[in-house]
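Colleague: Take a look at the following structure, please.
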Amino acid sequence: MTAVNRQIRLARRPVGEVRPEDWAHVTEPVPVPGDGEFLGRTRYLSLDPAMRGWLDDRPSYLPPVAIGEVMRAGSVVEVVASNHPEFQVGELVSGGFGVQEYAVSDGRGVIRVDPALAAPSTYLGALGMPGLTAYFGLLEVGALKEGDTVVVSGAAGAVGTVVGQIAKLKGCRVVGIAGGPEKCALLTEELGFDAAIDYRAEDVRKALHAHAPGGIDVYFDNVGGEILDAALTKLAMRARVVVCGAISQYNNETAVQGPSNYLSLLVRRARMEGFIVFDFARRYPEATRELAGWIGEGLIKVKEHVVDGGVDDFPAALGMLFRGENTGKLVLRVG
């Protein structure tokens with residue numbers, strides 16, 4: 001066991017893009033578990049667009065990360081010492097342990113990882129919050145019906161790849177919006193999307209008209225901004241717009257760009273609804289079982305972008321999300 005616990009703490013609140021000086025690299029003694037606790041060593045760290053919002057001091061669904069606090073993050077850890085009767089040394093578990101090499105837990109909010117069912121990193125992706133977000137956002141908030149035309153932005157990301165595949169297995173036409181020919185090819189050639197739109201090279205509004213001529217029944221939005229505005233002009237009657245995220249706006253130094261075409265909701269008798277996956281916490285086991293079944297049957301392909309490094313590499317890896325450098329779920333594997 002190493003002598004120190006490496007941590008990434010928030011040094012200051014970023015303005016716009018997150019910079020290296022916004023973080024403090026700290027070392028502390030490895031904590032010792034007390035009665036009813038275990039010590040976990042981080043093996044995989046989750047990197048998520050929502051992290052950018054957690055750094056701002058403004059009202060949200062979670063309190064902001066405090067200055068000087070260990071950065072909030074989901075992770076998979078290996079139990080390396082235990083005074084907890086339900087957790088044994090050598091087990092893998094996932095939970096909100098933060099960006100640090102070691103963490104002590106009393107077991108609350110912890111999920112056991114079964115490597116025989118899926119790779120440990122998958123418990124941070126398709127079997128973790130991104131997969132659950134896709135599941136509940138599409139099926140519950142989006143009220144998906146067989147035969148719907150579904151358009152998903154950020155389609156090559158952790159949530160978008162799962163959204164599109166669930167929609168396909170439910171008998172829908174699926175159009176993904178992503179950046180670059182490689183990501184678009186992944187969507188159509190490997191994940192089964194019916195069409196893909198490269199927002200970097202195409203006029204998104206014209207492409208939506210071509211690929212969704214009858215209109216969009218469900219628009220699953222991960223990016224906001226101009227792409228959301230374009231999708232609003234192509235809604236079908238009684239469409240559902242699912243507001244999951246707005247990664248195009250998270251690093252803005254000016255006001256967030258709101259949709260100017262919102263009156264399409266009125267004309268098309270549509271609705272636009274935001275949601276947080278935590279709202280469905282009591283149903284996580286149900287969704288996880290179904291997602292695991294689909295993965296096991298090959299109906300959902302898991303796409304992950306795993307970066308090897310250490311805890312100190314977290315800031316650089318996080319920046320990949322906002323430059324669009326990842327395909328699928330972005331994970332830092334701590335060696």
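Residues are named by chain letter and number: chains run A, B, ... in the order of the structure tokens, numbers start at 1 in each chain, and ligands are numbered from 1 in the order shown.
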Per DSSP on the backbone, what are the strand (DSSP E or B) residues of stretch 18-157 of chain A, as a VMD selection string?
Modeller: chain A and resid 23 to 29 38 to 46 70 75 to 82 92 to 95 100 102 to 105 111 to 112 149 to 153 157
Colleague: If you count only C-alpha atoms, which residues fall within 8 Å of A:Tyr123, apart from same-chain ones fewer than 5 positions away, as a PDB file with all heavy atoms, in the first residue's frame?
Modeller:
```pdb
ATOM      1  N   VAL A  76     -15.133   3.232  -9.254  1.00  0.00           N
ATOM      2  CA  VAL A  76     -15.082   1.841  -8.834  1.00  0.00           C
ATOM      3  C   VAL A  76     -13.824   1.663  -8.007  1.00  0.00           C
ATOM      4  O   VAL A  76     -12.727   2.044  -8.449  1.00  0.00           O
ATOM      5  CB  VAL A  76     -15.079   0.884 -10.034  1.00  0.00           C
ATOM      6  CG1 VAL A  76     -14.791  -0.551  -9.586  1.00  0.00           C
ATOM      7  CG2 VAL A  76     -16.404   0.943 -10.775  1.00  0.00           C
ATOM      8  N   SER A  94     -18.872   0.158  -6.511  1.00  0.00           N
ATOM      9  CA  SER A  94     -18.943   1.488  -7.103  1.00  0.00           C
ATOM     10  C   SER A  94     -19.729   2.416  -6.186  1.00  0.00           C
ATOM     11  O   SER A  94     -20.615   1.982  -5.443  1.00  0.00           O
ATOM     12  CB  SER A  94     -19.590   1.440  -8.488  1.00  0.00           C
ATOM     13  OG  SER A  94     -20.959   1.101  -8.399  1.00  0.00           O
ATOM     14  N   VAL A 113     -19.949  -4.591  -7.602  1.00  0.00           N
ATOM     15  CA  VAL A 113     -19.571  -4.784  -8.993  1.00  0.00           C
ATOM     16  C   VAL A 113     -19.317  -6.268  -9.222  1.00  0.00           C
ATOM     17  O   VAL A 113     -18.541  -6.889  -8.482  1.00  0.00           O
ATOM     18  CB  VAL A 113     -18.318  -3.960  -9.330  1.00  0.00           C
ATOM     19  CG1 VAL A 113     -17.752  -4.355 -10.687  1.00  0.00           C
ATOM     20  CG2 VAL A 113     -18.634  -2.473  -9.278  1.00  0.00           C
ATOM     21  N   ALA A 118     -20.142  -7.856 -16.201  1.00  0.00           N
ATOM     22  CA  ALA A 118     -19.651  -6.816 -17.107  1.00  0.00           C
ATOM     23  C   ALA A 118     -18.320  -6.304 -16.578  1.00  0.00           C
ATOM     24  O   ALA A 118     -17.991  -6.480 -15.396  1.00  0.00           O
ATOM     25  CB  ALA A 118     -20.660  -5.672 -17.204  1.00  0.00           C
ATOM     26  N   GLY A 128     -24.279   2.195 -15.151  1.00  0.00           N
ATOM     27  CA  GLY A 128     -24.179   3.222 -14.128  1.00  0.00           C
ATOM     28  C   GLY A 128     -25.106   4.384 -14.436  1.00  0.00           C
ATOM     29  O   GLY A 128     -26.137   4.224 -15.095  1.00  0.00           O
TER      30      GLY A 128
END
```
Colleague: Pick the closest to A:Arg240 from A:Ala270, A:Leu45, A:Val306, A:Ala207: which is it, counting only C-alpha atoms?
Modeller: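 Of all the options, A:Ala270 lies closest to A:Arg240.
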Colleague: Just the residues within 12 Å of A:Gly157, please, counting only C-alpha atoms, with nothing from its chain fewer than 4 positions along; format it as an mmCIF file with N, CA and C atoms, in the first residue's frame.
Modeller:
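Below you can see selection_7.cif, which holds the result:
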```
data_model
loop_
_atom_site.group_PDB
_atom_site.id
_atom_site.type_symbol
_atom_site.label_atom_id
_atom_site.label_comp_id
_atom_site.auth_asym_id
_atom_site.auth_seq_id
_atom_site.Cartn_x
_atom_site.Cartn_y
_atom_site.Cartn_z
ATOM 1 N N LEU A 47 -15.809 10.234 -15.618
ATOM 2 C CA LEU A 47 -15.730 11.623 -16.071
ATOM 3 C C LEU A 47 -17.030 11.951 -16.795
ATOM 4 N N ASP A 48 -17.728 12.977 -16.321
ATOM 5 C CA ASP A 48 -19.076 13.264 -16.798
ATOM 6 C C ASP A 48 -19.263 14.755 -17.059
ATOM 7 N N PRO A 49 -20.033 15.115 -18.085
ATOM 8 C CA PRO A 49 -20.287 16.539 -18.353
ATOM 9 C C PRO A 49 -20.887 17.276 -17.161
ATOM 10 N N GLY A 125 -20.756 3.377 -16.635
ATOM 11 C CA GLY A 125 -21.311 3.776 -17.915
ATOM 12 C C GLY A 125 -22.677 3.190 -18.170
ATOM 13 N N ALA A 126 -22.728 2.171 -19.015
ATOM 14 C CA ALA A 126 -24.012 1.609 -19.423
ATOM 15 C C ALA A 126 -24.781 0.992 -18.267
ATOM 16 N N PRO A 130 -24.964 6.975 -16.529
ATOM 17 C CA PRO A 130 -25.317 7.269 -17.914
ATOM 18 C C PRO A 130 -26.368 6.320 -18.488
ATOM 19 N N GLY A 131 -26.210 5.022 -18.224
ATOM 20 C CA GLY A 131 -27.200 4.062 -18.706
ATOM 21 C C GLY A 131 -28.562 4.272 -18.087
ATOM 22 N N ALA A 134 -30.172 7.337 -19.620
ATOM 23 C CA ALA A 134 -30.743 7.024 -20.934
ATOM 24 C C ALA A 134 -32.051 6.265 -20.786
ATOM 25 N N VAL A 152 -31.366 12.052 -31.201
ATOM 26 C CA VAL A 152 -30.576 12.256 -29.985
ATOM 27 C C VAL A 152 -29.317 13.039 -30.332
ATOM 28 N N SER A 153 -29.068 14.111 -29.594
ATOM 29 C CA SER A 153 -27.830 14.867 -29.764
ATOM 30 C C SER A 153 -26.786 14.341 -28.800
ATOM 31 N N THR A 161 -25.247 7.037 -26.787
ATOM 32 C CA THR A 161 -25.092 5.717 -27.400
ATOM 33 C C THR A 161 -26.128 4.730 -26.857
ATOM 34 N N VAL A 162 -26.457 4.856 -25.572
ATOM 35 C CA VAL A 162 -27.447 3.958 -24.978
ATOM 36 C C VAL A 162 -28.854 4.359 -25.372
ATOM 37 N N VAL A 163 -29.136 5.657 -25.404
ATOM 38 C CA VAL A 163 -30.461 6.129 -25.829
ATOM 39 C C VAL A 163 -30.821 5.576 -27.201
ATOM 40 N N GLY A 164 -29.909 5.750 -28.155
ATOM 41 C CA GLY A 164 -30.197 5.307 -29.512
ATOM 42 C C GLY A 164 -30.424 3.817 -29.618
ATOM 43 N N GLY A 176 -28.986 10.079 -35.016
ATOM 44 C CA GLY A 176 -28.038 10.616 -34.050
ATOM 45 C C GLY A 176 -27.325 11.833 -34.596
ATOM 46 N N ILE A 177 -27.027 12.774 -33.725
ATOM 47 C CA ILE A 177 -26.242 13.956 -34.080
ATOM 48 C C ILE A 177 -24.929 13.878 -33.317
ATOM 49 N N ALA A 178 -23.811 13.934 -34.034
ATOM 50 C CA ALA A 178 -22.497 13.801 -33.413
ATOM 51 C C ALA A 178 -21.495 14.634 -34.205
ATOM 52 N N GLY A 179 -20.281 14.746 -33.663
ATOM 53 C CA GLY A 179 -19.260 15.566 -34.300
ATOM 54 C C GLY A 179 -18.170 14.753 -34.952
ATOM 55 N N LYS A 183 -17.348 9.361 -35.628
ATOM 56 C CA LYS A 183 -18.436 9.140 -34.676
ATOM 57 C C LYS A 183 -19.741 8.820 -35.405
ATOM 58 N N CYS A 184 -19.986 9.499 -36.501
ATOM 59 C CA CYS A 184 -21.206 9.231 -37.269
ATOM 60 C C CYS A 184 -21.191 7.823 -37.840
ATOM 61 N N LEU A 186 -19.657 5.268 -36.529
ATOM 62 C CA LEU A 186 -19.889 4.378 -35.394
ATOM 63 C C LEU A 186 -21.393 4.206 -35.155
ATOM 64 N N LEU A 187 -22.125 5.295 -35.181
ATOM 65 C CA LEU A 187 -23.558 5.248 -34.898
ATOM 66 C C LEU A 187 -24.297 4.358 -35.885
ATOM 67 N N ASP A 221 -32.123 15.600 -25.762
ATOM 68 C CA ASP A 221 -31.119 16.653 -25.900
ATOM 69 C C ASP A 221 -30.026 16.552 -24.853
ATOM 70 N N ASN A 222 -28.791 16.435 -25.322
ATOM 71 C CA ASN A 222 -27.623 16.423 -24.450
ATOM 72 C C ASN A 222 -26.736 17.646 -24.629
ATOM 73 N N VAL A 223 -27.057 18.514 -25.601
ATOM 74 C CA VAL A 223 -26.108 19.579 -25.935
ATOM 75 C C VAL A 223 -26.664 20.992 -25.835
ATOM 76 N N GLY A 245 -29.154 17.377 -20.836
ATOM 77 C CA GLY A 245 -27.955 18.171 -20.595
ATOM 78 C C GLY A 245 -27.783 19.223 -21.671
ATOM 79 N N ILE A 247 -24.217 20.396 -22.921
ATOM 80 C CA ILE A 247 -22.761 20.498 -22.828
ATOM 81 C C ILE A 247 -22.205 21.653 -23.654
ATOM 82 N N VAL A 302 -21.706 -1.876 -25.601
ATOM 83 C CA VAL A 302 -21.105 -0.926 -24.672
ATOM 84 C C VAL A 302 -19.945 -0.212 -25.357
ATOM 85 N N LYS A 303 -19.990 1.116 -25.350
ATOM 86 C CA LYS A 303 -18.908 1.910 -25.930
ATOM 87 C C LYS A 303 -18.244 2.709 -24.809
ATOM 88 N N GLU A 304 -16.949 2.475 -24.638
ATOM 89 C CA GLU A 304 -16.200 3.148 -23.582
ATOM 90 C C GLU A 304 -14.896 3.703 -24.134
ATOM 91 N N HIS A 305 -14.501 4.826 -23.598
ATOM 92 C CA HIS A 305 -13.217 5.443 -23.920
ATOM 93 C C HIS A 305 -12.421 5.469 -22.618
ATOM 94 N N MET A 320 -11.121 16.427 -22.038
ATOM 95 C CA MET A 320 -11.458 15.700 -23.261
ATOM 96 C C MET A 320 -12.952 15.743 -23.564
ATOM 97 N N LEU A 321 -13.771 15.739 -22.499
ATOM 98 C CA LEU A 321 -15.225 15.755 -22.696
ATOM 99 C C LEU A 321 -15.665 16.984 -23.475
ATOM 100 N N PHE A 322 -15.091 18.133 -23.130
ATOM 101 C CA PHE A 322 -15.557 19.395 -23.676
ATOM 102 C C PHE A 322 -14.887 19.736 -25.008
ATOM 103 N N GLY A 324 -14.783 17.151 -27.168
ATOM 104 C CA GLY A 324 -15.382 16.116 -28.001
ATOM 105 C C GLY A 324 -14.423 15.014 -28.386
ATOM 106 N N GLU A 325 -13.436 14.722 -27.541
ATOM 107 C CA GLU A 325 -12.401 13.751 -27.892
ATOM 108 C C GLU A 325 -12.761 12.325 -27.502
ATOM 109 N N ASN A 326 -13.840 12.149 -26.765
ATOM 110 C CA ASN A 326 -14.223 10.790 -26.347
ATOM 111 C C ASN A 326 -15.340 10.245 -27.213
ATOM 112 N N THR A 327 -15.365 8.929 -27.321
ATOM 113 C CA THR A 327 -16.485 8.223 -27.953
ATOM 114 C C THR A 327 -17.029 7.256 -26.917
ATOM 115 N N GLY A 328 -18.297 7.405 -26.580
ATOM 116 C CA GLY A 328 -18.871 6.583 -25.533
ATOM 117 C C GLY A 328 -18.483 7.120 -24.163
ATOM 118 N N LYS A 329 -18.575 6.275 -23.152
ATOM 119 C CA LYS A 329 -18.317 6.680 -21.776
ATOM 120 C C LYS A 329 -16.829 6.912 -21.541
ATOM 121 N N LEU A 330 -16.487 8.072 -20.992
ATOM 122 C CA LEU A 330 -15.092 8.409 -20.697
ATOM 123 C C LEU A 330 -14.765 7.988 -19.264
ATOM 124 N N VAL A 331 -13.722 7.170 -19.128
ATOM 125 C CA VAL A 331 -13.316 6.621 -17.822
ATOM 126 C C VAL A 331 -11.805 6.759 -17.691
#
```
Colleague: Can you measure atom CA of A:Ile300 to atom CA of A:Ala143 for me? One decimal in Å is fine.
Modeller: 19.8 Å
Colleague: Neighbours of A:Val93 within 12 Å (only C-alpha atoms; same-chain residues fewer than 3 positions away dropped), as a PyMOL selection string?
Modeller: chain A and resi 38-44+74-80+86-90+96-97+103+105+107-115+120-124+128
Colleague: Could you please determine the separation between atom CA of A:Gly95 and atom CA of A:Val242 in Å, to one decimal place?
Modeller: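 For atom CA of A:Gly95 relative to atom CA of A:Val242, the distance reads 26.3 Å.
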Colleague: Please, which residues of stretch 68-170 of chain A, numbered as in this document, come out alpha helix (DSSP H) from DSSP, as a PyMOL selection string?
Modeller: chain A and resi 129-136+158-169
Colleague: Those residues with N, CA, C and O atoms, as an mmCIF file, in the first residue's frame please?
Modeller:
```cif
data_model
loop_
_atom_site.group_PDB
_atom_site.id
_atom_site.type_symbol
_atom_site.label_atom_id
_atom_site.label_comp_id
_atom_site.auth_asym_id
_atom_site.auth_seq_id
_atom_site.Cartn_x
_atom_site.Cartn_y
_atom_site.Cartn_z
ATOM 1 N N MET A 129 -24.741 5.557 -13.975
ATOM 2 C CA MET A 129 -25.613 6.726 -14.137
ATOM 3 C C MET A 129 -25.928 7.058 -15.601
ATOM 4 O O MET A 129 -27.075 7.388 -15.915
ATOM 5 N N PRO A 130 -24.964 6.975 -16.529
ATOM 6 C CA PRO A 130 -25.317 7.269 -17.914
ATOM 7 C C PRO A 130 -26.368 6.320 -18.488
ATOM 8 O O PRO A 130 -27.314 6.754 -19.156
ATOM 9 N N GLY A 131 -26.210 5.022 -18.224
ATOM 10 C CA GLY A 131 -27.200 4.062 -18.706
ATOM 11 C C GLY A 131 -28.562 4.272 -18.087
ATOM 12 O O GLY A 131 -29.594 4.202 -18.765
ATOM 13 N N LEU A 132 -28.584 4.533 -16.778
ATOM 14 C CA LEU A 132 -29.848 4.787 -16.094
ATOM 15 C C LEU A 132 -30.485 6.074 -16.596
ATOM 16 O O LEU A 132 -31.709 6.171 -16.739
ATOM 17 N N THR A 133 -29.659 7.084 -16.868
ATOM 18 C CA THR A 133 -30.173 8.342 -17.417
ATOM 19 C C THR A 133 -30.829 8.111 -18.766
ATOM 20 O O THR A 133 -31.919 8.632 -19.051
ATOM 21 N N ALA A 134 -30.172 7.337 -19.620
ATOM 22 C CA ALA A 134 -30.743 7.024 -20.934
ATOM 23 C C ALA A 134 -32.051 6.265 -20.786
ATOM 24 O O ALA A 134 -33.048 6.563 -21.456
ATOM 25 N N TYR A 135 -32.068 5.285 -19.906
ATOM 26 C CA TYR A 135 -33.236 4.416 -19.718
ATOM 27 C C TYR A 135 -34.455 5.220 -19.269
ATOM 28 O O TYR A 135 -35.513 5.193 -19.911
ATOM 29 N N PHE A 136 -34.318 5.948 -18.170
ATOM 30 C CA PHE A 136 -35.472 6.665 -17.630
ATOM 31 C C PHE A 136 -35.813 7.901 -18.458
ATOM 32 O O PHE A 136 -36.985 8.237 -18.628
ATOM 33 N N ALA A 158 -21.698 8.974 -23.690
ATOM 34 C CA ALA A 158 -22.067 7.894 -22.770
ATOM 35 C C ALA A 158 -23.561 7.672 -22.713
ATOM 36 O O ALA A 158 -24.040 6.538 -22.707
ATOM 37 N N VAL A 159 -24.337 8.753 -22.657
ATOM 38 C CA VAL A 159 -25.799 8.635 -22.606
ATOM 39 C C VAL A 159 -26.369 8.388 -23.998
ATOM 40 O O VAL A 159 -27.210 7.510 -24.201
ATOM 41 N N GLY A 160 -25.905 9.150 -24.974
ATOM 42 C CA GLY A 160 -26.479 9.085 -26.318
ATOM 43 C C GLY A 160 -26.364 7.725 -26.971
ATOM 44 O O GLY A 160 -27.303 7.275 -27.644
ATOM 45 N N THR A 161 -25.247 7.037 -26.787
ATOM 46 C CA THR A 161 -25.092 5.717 -27.400
ATOM 47 C C THR A 161 -26.128 4.730 -26.857
ATOM 48 O O THR A 161 -26.631 3.884 -27.590
ATOM 49 N N VAL A 162 -26.457 4.856 -25.572
ATOM 50 C CA VAL A 162 -27.447 3.958 -24.978
ATOM 51 C C VAL A 162 -28.854 4.359 -25.372
ATOM 52 O O VAL A 162 -29.696 3.507 -25.673
ATOM 53 N N VAL A 163 -29.136 5.657 -25.404
ATOM 54 C CA VAL A 163 -30.461 6.129 -25.829
ATOM 55 C C VAL A 163 -30.821 5.576 -27.201
ATOM 56 O O VAL A 163 -31.902 5.017 -27.413
ATOM 57 N N GLY A 164 -29.909 5.750 -28.155
ATOM 58 C CA GLY A 164 -30.197 5.307 -29.512
ATOM 59 C C GLY A 164 -30.424 3.817 -29.618
ATOM 60 O O GLY A 164 -31.319 3.361 -30.339
ATOM 61 N N GLN A 165 -29.654 3.042 -28.885
ATOM 62 C CA GLN A 165 -29.791 1.583 -28.962
ATOM 63 C C GLN A 165 -31.079 1.108 -28.284
ATOM 64 O O GLN A 165 -31.722 0.173 -28.772
ATOM 65 N N ILE A 166 -31.472 1.742 -27.184
ATOM 66 C CA ILE A 166 -32.754 1.376 -26.570
ATOM 67 C C ILE A 166 -33.892 1.698 -27.529
ATOM 68 O O ILE A 166 -34.822 0.894 -27.708
ATOM 69 N N ALA A 167 -33.832 2.855 -28.159
ATOM 70 C CA ALA A 167 -34.888 3.238 -29.095
ATOM 71 C C ALA A 167 -34.987 2.249 -30.255
ATOM 72 O O ALA A 167 -36.089 1.897 -30.695
ATOM 73 N N LYS A 168 -33.855 1.770 -30.738
ATOM 74 C CA LYS A 168 -33.882 0.795 -31.839
ATOM 75 C C LYS A 168 -34.503 -0.516 -31.399
ATOM 76 O O LYS A 168 -35.328 -1.099 -32.116
ATOM 77 N N LEU A 169 -34.129 -0.996 -30.219
ATOM 78 C CA LEU A 169 -34.684 -2.285 -29.799
ATOM 79 C C LEU A 169 -36.165 -2.173 -29.450
ATOM 80 O O LEU A 169 -36.869 -3.187 -29.390
#
```
Colleague: For A:Glu69, which residue among A:Met237, A:Leu55, A:Leu191, A:Leu10 is the nearest when counting only C-alpha atoms?
Modeller: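 Closest residue, counting only C-alpha atoms: A:Leu10.
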Colleague: So that I can see what lies close to stretch 194-205 of chain A, please list as number ranges by chain the residues with an atom at most 8 Å from it, counting only C-alpha atoms and leaving out residues fewer than 4 positions away in the same chain.
Modeller: A: 173-181, 184-185, 187-188, 209, 211, 227, 230-231, 233-234
Colleague: Would you write out those residues with all heavy atoms, as a CSV table (one decimal), in the first residue's frame?
Modeller:
```
chain,number,residue,atom,x,y,z
A,173,ARG,N,-37.4,4.6,-35.3
A,173,ARG,CA,-36.4,5.1,-36.2
A,173,ARG,C,-35.5,6.1,-35.4
A,173,ARG,O,-36.0,6.9,-34.7
A,173,ARG,CB,-37.0,5.8,-37.4
A,173,ARG,CG,-36.0,6.5,-38.3
A,173,ARG,CD,-36.7,7.1,-39.6
A,173,ARG,NE,-35.7,7.9,-40.3
A,173,ARG,CZ,-34.7,7.4,-41.1
A,173,ARG,NH1,-34.6,6.1,-41.2
A,173,ARG,NH2,-33.9,8.2,-41.7
A,174,VAL,N,-34.2,5.9,-35.6
A,174,VAL,CA,-33.2,6.7,-34.7
A,174,VAL,C,-32.2,7.5,-35.6
A,174,VAL,O,-31.6,6.9,-36.4
A,174,VAL,CB,-32.5,5.8,-33.7
A,174,VAL,CG1,-31.6,6.6,-32.9
A,174,VAL,CG2,-33.5,5.0,-32.9
A,175,VAL,N,-32.2,8.8,-35.3
A,175,VAL,CA,-31.2,9.6,-35.9
A,175,VAL,C,-30.3,10.2,-34.9
A,175,VAL,O,-30.8,10.8,-33.9
A,175,VAL,CB,-31.9,10.8,-36.7
A,175,VAL,CG1,-30.9,11.7,-37.4
A,175,VAL,CG2,-32.9,10.2,-37.7
A,176,GLY,N,-29.0,10.1,-35.0
A,176,GLY,CA,-28.0,10.6,-34.1
A,176,GLY,C,-27.3,11.8,-34.6
A,176,GLY,O,-27.1,11.9,-35.8
A,177,ILE,N,-27.0,12.8,-33.7
A,177,ILE,CA,-26.2,14.0,-34.1
A,177,ILE,C,-24.9,13.9,-33.3
A,177,ILE,O,-24.9,13.7,-32.1
A,177,ILE,CB,-27.0,15.3,-33.7
A,177,ILE,CG1,-28.4,15.3,-34.4
A,177,ILE,CG2,-26.2,16.5,-34.1
A,177,ILE,CD1,-29.2,16.5,-34.0
A,178,ALA,N,-23.8,13.9,-34.0
A,178,ALA,CA,-22.5,13.8,-33.4
A,178,ALA,C,-21.5,14.6,-34.2
A,178,ALA,O,-21.8,15.2,-35.3
A,178,ALA,CB,-22.1,12.3,-33.4
A,179,GLY,N,-20.3,14.7,-33.7
A,179,GLY,CA,-19.3,15.6,-34.3
A,179,GLY,C,-18.2,14.8,-35.0
A,179,GLY,O,-17.4,14.1,-34.3
A,180,GLY,N,-18.1,14.8,-36.3
A,180,GLY,CA,-17.1,14.1,-37.0
A,180,GLY,C,-17.5,12.8,-37.7
A,180,GLY,O,-18.4,12.1,-37.2
A,181,PRO,N,-16.9,12.5,-38.8
A,181,PRO,CA,-17.3,11.3,-39.6
A,181,PRO,C,-17.0,10.0,-38.9
A,181,PRO,O,-17.8,9.1,-39.1
A,181,PRO,CB,-16.4,11.4,-40.9
A,181,PRO,CG,-15.2,12.3,-40.5
A,181,PRO,CD,-15.8,13.3,-39.5
A,184,CYS,N,-20.0,9.5,-36.5
A,184,CYS,CA,-21.2,9.2,-37.3
A,184,CYS,C,-21.2,7.8,-37.8
A,184,CYS,O,-22.2,7.1,-37.9
A,184,CYS,CB,-21.4,10.3,-38.4
A,184,CYS,SG,-21.8,11.9,-37.7
A,185,ALA,N,-20.0,7.4,-38.3
A,185,ALA,CA,-19.9,6.0,-38.8
A,185,ALA,C,-20.2,5.0,-37.7
A,185,ALA,O,-20.8,4.0,-37.9
A,185,ALA,CB,-18.6,5.8,-39.5
A,187,LEU,N,-22.1,5.3,-35.2
A,187,LEU,CA,-23.6,5.2,-34.9
A,187,LEU,C,-24.3,4.4,-35.9
A,187,LEU,O,-25.1,3.5,-35.5
A,187,LEU,CB,-24.1,6.7,-34.9
A,187,LEU,CG,-23.6,7.6,-33.9
A,187,LEU,CD1,-24.3,9.0,-34.0
A,187,LEU,CD2,-23.8,7.1,-32.5
A,188,THR,N,-24.0,4.5,-37.2
A,188,THR,CA,-24.8,3.8,-38.2
A,188,THR,C,-24.2,2.4,-38.5
A,188,THR,O,-25.0,1.5,-38.7
A,188,THR,CB,-24.9,4.6,-39.5
A,188,THR,OG1,-23.5,4.9,-39.9
A,188,THR,CG2,-25.6,5.9,-39.3
A,209,HIS,N,-34.5,17.6,-41.7
A,209,HIS,CA,-35.6,17.6,-42.6
A,209,HIS,C,-35.5,16.4,-43.5
A,209,HIS,O,-36.5,15.7,-43.8
A,209,HIS,CB,-35.7,18.9,-43.4
A,209,HIS,CG,-36.8,18.9,-44.4
A,209,HIS,ND1,-38.1,19.2,-44.0
A,209,HIS,CD2,-36.9,18.7,-45.7
A,209,HIS,CE1,-38.9,19.1,-45.1
A,209,HIS,NE2,-38.2,18.9,-46.1
A,211,HIS,N,-33.7,13.5,-42.8
A,211,HIS,CA,-33.7,12.2,-42.1
A,211,HIS,C,-35.0,12.0,-41.2
A,211,HIS,O,-35.2,10.9,-40.8
A,211,HIS,CB,-32.5,12.1,-41.2
A,211,HIS,CG,-31.2,12.0,-42.0
A,211,HIS,ND1,-31.0,11.1,-43.0
A,211,HIS,CD2,-30.1,12.8,-42.0
A,211,HIS,CE1,-29.8,11.3,-43.5
A,211,HIS,NE2,-29.2,12.3,-42.9
A,227,ILE,N,-28.2,23.4,-31.7
A,227,ILE,CA,-28.8,22.1,-32.1
A,227,ILE,C,-30.2,21.9,-31.6
A,227,ILE,O,-31.1,21.5,-32.2
A,227,ILE,CB,-27.8,21.0,-31.8
A,227,ILE,CG1,-26.5,21.1,-32.6
A,227,ILE,CG2,-28.4,19.6,-32.0
A,227,ILE,CD1,-25.5,20.1,-32.3
A,230,ALA,N,-32.5,24.0,-33.6
A,230,ALA,CA,-32.8,23.4,-34.9
A,230,ALA,C,-33.8,22.3,-34.7
A,230,ALA,O,-34.8,22.1,-35.5
A,230,ALA,CB,-31.5,22.9,-35.5
A,231,ALA,N,-33.6,21.4,-33.7
A,231,ALA,CA,-34.6,20.3,-33.5
A,231,ALA,C,-36.0,20.8,-33.2
A,231,ALA,O,-37.0,20.2,-33.7
A,231,ALA,CB,-34.1,19.4,-32.4
A,233,THR,N,-37.6,23.1,-34.5
A,233,THR,CA,-38.3,23.5,-35.7
A,233,THR,C,-38.8,22.3,-36.5
A,233,THR,O,-39.6,22.4,-37.4
A,233,THR,CB,-37.4,24.3,-36.7
A,233,THR,OG1,-36.4,23.4,-37.2
A,233,THR,CG2,-36.8,25.5,-36.0
A,234,LYS,N,-38.4,21.1,-36.1
A,234,LYS,CA,-38.8,19.8,-36.8
A,234,LYS,C,-39.7,18.9,-36.0
A,234,LYS,O,-39.8,17.7,-36.3
A,234,LYS,CB,-37.5,19.1,-37.3
A,234,LYS,CG,-36.6,19.9,-38.1
A,234,LYS,CD,-37.3,20.4,-39.4
A,234,LYS,CE,-36.4,21.3,-40.3
A,234,LYS,NZ,-37.1,21.8,-41.5
```
Colleague: For a quick check of understanding, using only C-alpha atoms, which of A:Ala156, A:Leu62, A:Leu235, A:Ala119 has the smallest distance to A:Phe278?
Modeller: A:Leu62
Colleague: Counting only C-alpha atoms, what is within 7 Å of stretch 258-267 of chain A, bar same-chain residues fewer than 6 positions away, as a count of residues only?
Modeller: 5
Colleague: My list of candidates is A:Tyr61, A:Phe314, A:Tyr102, A:Trp294. Which is closest to A:Leu117 when distances are computed with only C-alpha atoms?
Modeller: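 Closest residue, counting only C-alpha atoms: A:Trp294.
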Colleague: So what do you get for atom CA of A:Val65 versus atom CA of A:Glu91, distance-wise?
Modeller: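 About the pair atom CA of A:Val65 and atom CA of A:Glu91: they are 28.6 Å apart.
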